[in-house]
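Visitor: Please find one structure pasted underneath; my questions will follow.
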Amino acid sequence: MQQPRKQLNGTAYIIAAAILWGTSGTTQAFAPPSAHPLLIGTVRIISGALVLLVMAMGKGKMKRPFTQNWPWQKTIRAAVSISAYQLLFFNSVLISGVAVGTMVTIGSSPIIGGLIGYFIRNDKLSRRWYAATTLTLLGVLMLALSSGNLRVNGLGILLALGAGAAYTFYASFSIDVLHDNGGRESETAVAIIFSTGAILLTPLLFIYDLSWLTEPRGMFVAAHLGILTVAAAFTLFAHGLRHTSLANGMTLALAEPLTASLLGIFLLGEHLTPIAFTGIGLLFAGLALLATKK
């Protein structure tokens, strides 16, 4: 009875994380026009890392990585993966547009997660996973098609696929950090990973204009993205990955485009087409199927 309860808790944590990630696009829509998308992603990681460090230090957990046998090699792999995800994803969006870049990145991650889980992590892929992943991927595809603004570009597609792979490898490597040597506190592990990733992305701060951060809207966007979509969301995601498989986790994370679509409709006044309505229904059905007890 305890194992199903842990799986249910893991599912709830990951869906909660995905809901927070789903607010990113709406928040970025309020950023000042001078804010470069690639720099927004960098500021997101750096501000989130600072919040995570403060959280971990407030709980007195930052001594452990430097006094015990911390898995630094796996931590660096996770940090490189999440940093690569930022660069690949935002460049794919710049080349192919938001719809295609997001669809390919998010849509490929459950498939890549299933392959990594099956061939590398020895996870079993259930019929429920196959059914739920098929439904959710169809939902993502319909949401992308409903935008009516698709720009297919070969390089953009490759970058988006790379972003999906990087995102999935981050999840896989972070699981290793969490479970290595008997398990790690989620807050500490995520703080160390993102702080390392922030260091890797810091040079981008000297390439793009940072003046937008002095504007009230810019400060709000940076704070929201750092606190909610990084610090809170990735901590929840780490909690969830402790109690569910990589394949299930990546499929459950598709609650992100569902949230983004609903926010676009209710906050940004986007029109709900029949195709988009069908896509939302399929996403709901797939997530519900995977979230219910076996």
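Labels for the structure tokens follow display order: chains A, B, ..., residues from 1 in each chain, ligands from 1.
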Residues within 6 Å of A:Met142, please, as an MDAnalysis selection string. Count only C-alpha atoms; anything in the same chain fewer than 6 positions from it doesn't count.
Guide: chainID A and resid 275:276 279
Visitor: Identify all residues of stretch 163-271 of chain A in alpha helix (DSSP H) (DSSP on the backbone) and supply them as a ChimeraX atom specification.
Guide: /A:163-179,186-201,216-224,233-241,246-252,255-266
Visitor: Take the selection from the previous step and output its residues with C-alpha atoms, as a compact mmCIF listing (two decimals), in the first residue's frame.
Guide:
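Dumped to result-v3.txt:
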```txt
# COMPACT_ATOMS: atom_id res chain seq x y z
CA ALA A 163 16.68 20.40 -26.32
CA GLY A 164 14.27 17.52 -25.67
CA ALA A 165 17.20 15.14 -25.24
CA ALA A 166 19.07 17.55 -22.95
CA TYR A 167 15.96 18.03 -20.79
CA THR A 168 15.52 14.26 -20.50
CA PHE A 169 19.18 13.63 -19.70
CA TYR A 170 18.94 16.31 -16.98
CA ALA A 171 16.09 14.35 -15.42
CA SER A 172 18.02 11.09 -15.68
CA PHE A 173 21.23 12.51 -14.20
CA SER A 174 19.35 14.29 -11.41
CA ILE A 175 17.77 10.95 -10.45
CA ASP A 176 21.30 9.57 -10.13
CA VAL A 177 22.31 12.47 -7.88
CA LEU A 178 19.20 12.05 -5.72
CA HIS A 179 19.62 8.30 -5.26
CA SER A 186 15.95 17.34 -3.16
CA GLU A 187 16.56 20.98 -2.22
CA THR A 188 20.31 20.49 -1.83
CA ALA A 189 20.71 18.46 -5.01
CA VAL A 190 18.74 20.90 -7.15
CA ALA A 191 20.55 23.90 -5.62
CA ILE A 192 23.97 22.44 -6.44
CA ILE A 193 22.95 21.40 -9.98
CA PHE A 194 21.44 24.76 -10.90
CA SER A 195 24.23 26.76 -9.29
CA THR A 196 26.69 24.85 -11.45
CA GLY A 197 24.49 25.45 -14.49
CA ALA A 198 24.26 29.16 -13.66
CA ILE A 199 28.06 29.41 -13.64
CA LEU A 200 28.16 27.81 -17.10
CA LEU A 201 25.62 30.31 -18.48
CA PRO A 216 9.51 46.91 -13.01
CA ARG A 217 8.16 44.45 -15.60
CA GLY A 218 11.63 43.02 -16.11
CA MET A 219 12.16 42.52 -12.39
CA PHE A 220 8.76 40.84 -12.08
CA VAL A 221 9.50 38.47 -14.96
CA ALA A 222 12.94 37.54 -13.56
CA ALA A 223 11.53 37.00 -10.06
CA HIS A 224 8.58 34.92 -11.25
CA ALA A 233 9.13 23.73 -9.94
CA PHE A 234 12.43 21.85 -10.17
CA THR A 235 12.38 21.06 -6.45
CA LEU A 236 8.90 19.56 -6.90
CA PHE A 237 10.13 17.73 -10.01
CA ALA A 238 13.04 16.27 -8.04
CA HIS A 239 10.68 15.11 -5.28
CA GLY A 240 8.49 13.47 -7.92
CA LEU A 241 11.37 11.69 -9.65
CA LEU A 246 11.86 8.51 -15.79
CA ALA A 247 9.44 7.53 -18.58
CA ASN A 248 6.36 8.30 -16.48
CA GLY A 249 7.90 11.53 -15.22
CA MET A 250 8.56 12.88 -18.70
CA THR A 251 5.02 12.07 -19.84
CA LEU A 252 3.48 13.66 -16.75
CA ALA A 255 0.95 19.07 -18.11
CA GLU A 256 3.18 22.05 -19.00
CA PRO A 257 1.74 22.75 -22.49
CA LEU A 258 -1.74 22.08 -21.13
CA THR A 259 -1.23 24.79 -18.51
CA ALA A 260 0.33 27.16 -21.03
CA SER A 261 -2.62 26.72 -23.38
CA LEU A 262 -5.20 27.37 -20.68
CA LEU A 263 -3.34 30.47 -19.47
CA GLY A 264 -3.11 31.73 -23.04
CA ILE A 265 -6.87 31.37 -23.39
CA PHE A 266 -7.90 32.92 -20.07
```
Visitor: Once you count only C-alpha atoms, what closest atom pair and distance in Å to one decimal does each residue of stretch 164-222 of chain A within 8 Å of stretch 32-38 of chain A have, with rows by chain and rising residue number, as JSON lines?
Guide:
```
{"residue": "A:Tyr208", "atom": "CA", "partner": "A:His36", "partner_atom": "CA", "distance": 7.3}
{"residue": "A:Asp209", "atom": "CA", "partner": "A:Ala35", "partner_atom": "CA", "distance": 7.5}
{"residue": "A:Leu210", "atom": "CA", "partner": "A:Ala35", "partner_atom": "CA", "distance": 7.6}
{"residue": "A:Trp212", "atom": "CA", "partner": "A:Ala35", "partner_atom": "CA", "distance": 6.0}
{"residue": "A:Glu215", "atom": "CA", "partner": "A:Pro32", "partner_atom": "CA", "distance": 7.8}
{"residue": "A:Arg217", "atom": "CA", "partner": "A:Pro32", "partner_atom": "CA", "distance": 6.6}
{"residue": "A:Gly218", "atom": "CA", "partner": "A:Pro32", "partner_atom": "CA", "distance": 6.1}
```
Visitor: Just write the chosen residues, C-alpha atoms, as a short mmCIF file (atom, residue, chain, number, x, y, z; two decimals), in the first residue's frame.
Guide:
```cif
data_model
loop_
_atom_site.label_atom_id
_atom_site.label_comp_id
_atom_site.auth_asym_id
_atom_site.auth_seq_id
_atom_site.Cartn_x
_atom_site.Cartn_y
_atom_site.Cartn_z
CA TYR A 208 23.15 40.75 -24.37
CA ASP A 209 21.57 43.95 -23.06
CA LEU A 210 20.58 43.72 -19.39
CA TRP A 212 15.42 45.53 -19.17
CA GLU A 215 12.33 48.00 -15.37
CA ARG A 217 8.16 44.45 -15.60
CA GLY A 218 11.63 43.02 -16.11
#
```
Visitor: Excluding A:Leu137 and its own-chain neighbours fewer than 5 positions away, which residues fall within 10 Å of it when counting only C-alpha atoms? Please give them as a tab-separated table (two decimals) with N, CA and C atoms, in the first residue's frame.
Guide:
```tsv
chain	number	residue	atom	x	y	z
A	103	MET	N	6.64	22.30	-29.51
A	103	MET	CA	6.04	21.01	-29.81
A	103	MET	C	7.10	19.91	-29.92
A	104	VAL	N	8.17	20.19	-30.67
A	104	VAL	CA	9.20	19.17	-30.88
A	104	VAL	C	9.98	18.91	-29.59
A	106	ILE	N	9.08	19.47	-26.30
A	106	ILE	CA	8.27	18.82	-25.27
A	106	ILE	C	7.75	17.46	-25.77
A	107	GLY	N	7.39	17.39	-27.05
A	107	GLY	CA	6.86	16.15	-27.58
A	107	GLY	C	7.89	15.04	-27.66
A	108	SER	N	9.15	15.39	-27.88
A	108	SER	CA	10.19	14.37	-27.99
A	108	SER	C	10.66	13.85	-26.64
A	110	PRO	N	9.12	12.75	-23.81
A	110	PRO	CA	8.60	11.47	-23.29
A	110	PRO	C	9.14	10.27	-24.06
A	111	ILE	N	9.29	10.42	-25.38
A	111	ILE	CA	9.82	9.31	-26.18
A	111	ILE	C	11.27	9.03	-25.80
A	132	ALA	N	-1.03	6.44	-22.48
A	132	ALA	CA	-1.03	7.81	-21.98
A	132	ALA	C	-0.10	8.70	-22.80
A	142	MET	N	-1.88	18.65	-31.65
A	142	MET	CA	-3.06	19.43	-32.02
A	142	MET	C	-2.98	20.86	-31.51
A	143	LEU	N	-2.41	21.04	-30.32
A	143	LEU	CA	-2.24	22.40	-29.81
A	143	LEU	C	-1.29	23.20	-30.69
A	251	THR	N	6.38	11.96	-19.29
A	251	THR	CA	5.02	12.07	-19.84
A	251	THR	C	4.15	12.97	-18.96
A	254	LEU	N	4.06	16.71	-19.43
A	254	LEU	CA	3.29	17.31	-20.51
A	254	LEU	C	2.09	18.10	-19.99
A	279	GLY	N	-7.12	18.97	-28.57
A	279	GLY	CA	-5.79	18.73	-28.01
A	279	GLY	C	-5.77	18.81	-26.50
A	282	LEU	N	-7.34	15.64	-25.12
A	282	LEU	CA	-6.43	14.49	-25.20
A	282	LEU	C	-5.35	14.57	-24.12
A	283	LEU	N	-4.83	15.77	-23.89
A	283	LEU	CA	-3.83	15.94	-22.83
A	283	LEU	C	-4.41	15.58	-21.47
A	286	GLY	N	-4.78	11.74	-21.31
A	286	GLY	CA	-3.51	11.03	-21.14
A	286	GLY	C	-2.94	11.19	-19.75
```
Visitor: Excluding A:Ala144 and residues on its chain fewer than 2 positions from it, collect all residues at most 7 Å away from it, counting only C-alpha atoms, and give them as a list of chain:residue names.
Guide: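 Final neighbour list, sorted by chain and number: A:Ala99, A:Val100, A:Met103, A:Val140, A:Leu141, A:Met142, A:Ser146, A:Ser147.
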Visitor: Store the residues picked out above, limited to N, CA and C atoms, as a PDB file, in the first residue's frame.
Guide:
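Contents of the output file result10.pdb:
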```
ATOM      1  N   ALA A  99       5.620  27.655 -31.627  1.00  0.00           N
ATOM      2  CA  ALA A  99       4.779  26.461 -31.769  1.00  0.00           C
ATOM      3  C   ALA A  99       5.615  25.224 -32.098  1.00  0.00           C
ATOM      4  N   VAL A 100       6.426  25.317 -33.163  1.00  0.00           N
ATOM      5  CA  VAL A 100       7.210  24.164 -33.593  1.00  0.00           C
ATOM      6  C   VAL A 100       8.304  23.832 -32.575  1.00  0.00           C
ATOM      7  N   MET A 103       6.645  22.298 -29.510  1.00  0.00           N
ATOM      8  CA  MET A 103       6.038  21.008 -29.805  1.00  0.00           C
ATOM      9  C   MET A 103       7.103  19.913 -29.923  1.00  0.00           C
ATOM     10  N   VAL A 140      -0.475  17.456 -27.713  1.00  0.00           N
ATOM     11  CA  VAL A 140       0.539  18.485 -27.974  1.00  0.00           C
ATOM     12  C   VAL A 140       0.566  18.849 -29.455  1.00  0.00           C
ATOM     13  N   LEU A 141       0.480  17.836 -30.325  1.00  0.00           N
ATOM     14  CA  LEU A 141       0.487  18.078 -31.765  1.00  0.00           C
ATOM     15  C   LEU A 141      -0.694  18.942 -32.184  1.00  0.00           C
ATOM     16  N   MET A 142      -1.882  18.647 -31.648  1.00  0.00           N
ATOM     17  CA  MET A 142      -3.065  19.427 -32.015  1.00  0.00           C
ATOM     18  C   MET A 142      -2.984  20.861 -31.507  1.00  0.00           C
ATOM     19  N   SER A 146      -3.022  24.112 -33.948  1.00  0.00           N
ATOM     20  CA  SER A 146      -4.079  25.117 -33.771  1.00  0.00           C
ATOM     21  C   SER A 146      -3.542  26.538 -33.804  1.00  0.00           C
ATOM     22  N   SER A 147      -2.222  26.696 -33.638  1.00  0.00           N
ATOM     23  CA  SER A 147      -1.659  28.046 -33.624  1.00  0.00           C
ATOM     24  C   SER A 147      -1.741  28.705 -35.002  1.00  0.00           C
TER      25      SER A 147
END
```
Visitor: With a cut-off of 9 Å, could you pull out the residues of stretch 215-259 of chain A touching stretch 50-60 of chain A and give me the nearest pair of atoms for each, distance in Å to one decimal, using only C-alpha atoms, ordered by chain and ascending number, as JSON lines?
Guide:
```
{"residue": "A:Gly226", "atom": "CA", "partner": "A:Val51", "partner_atom": "CA", "distance": 7.2}
{"residue": "A:Ile227", "atom": "CA", "partner": "A:Val51", "partner_atom": "CA", "distance": 6.5}
{"residue": "A:Val230", "atom": "CA", "partner": "A:Leu52", "partner_atom": "CA", "distance": 8.5}
{"residue": "A:Ala231", "atom": "CA", "partner": "A:Leu52", "partner_atom": "CA", "distance": 5.5}
{"residue": "A:Ala232", "atom": "CA", "partner": "A:Leu52", "partner_atom": "CA", "distance": 8.4}
{"residue": "A:Thr235", "atom": "CA", "partner": "A:Leu52", "partner_atom": "CA", "distance": 8.6}
```
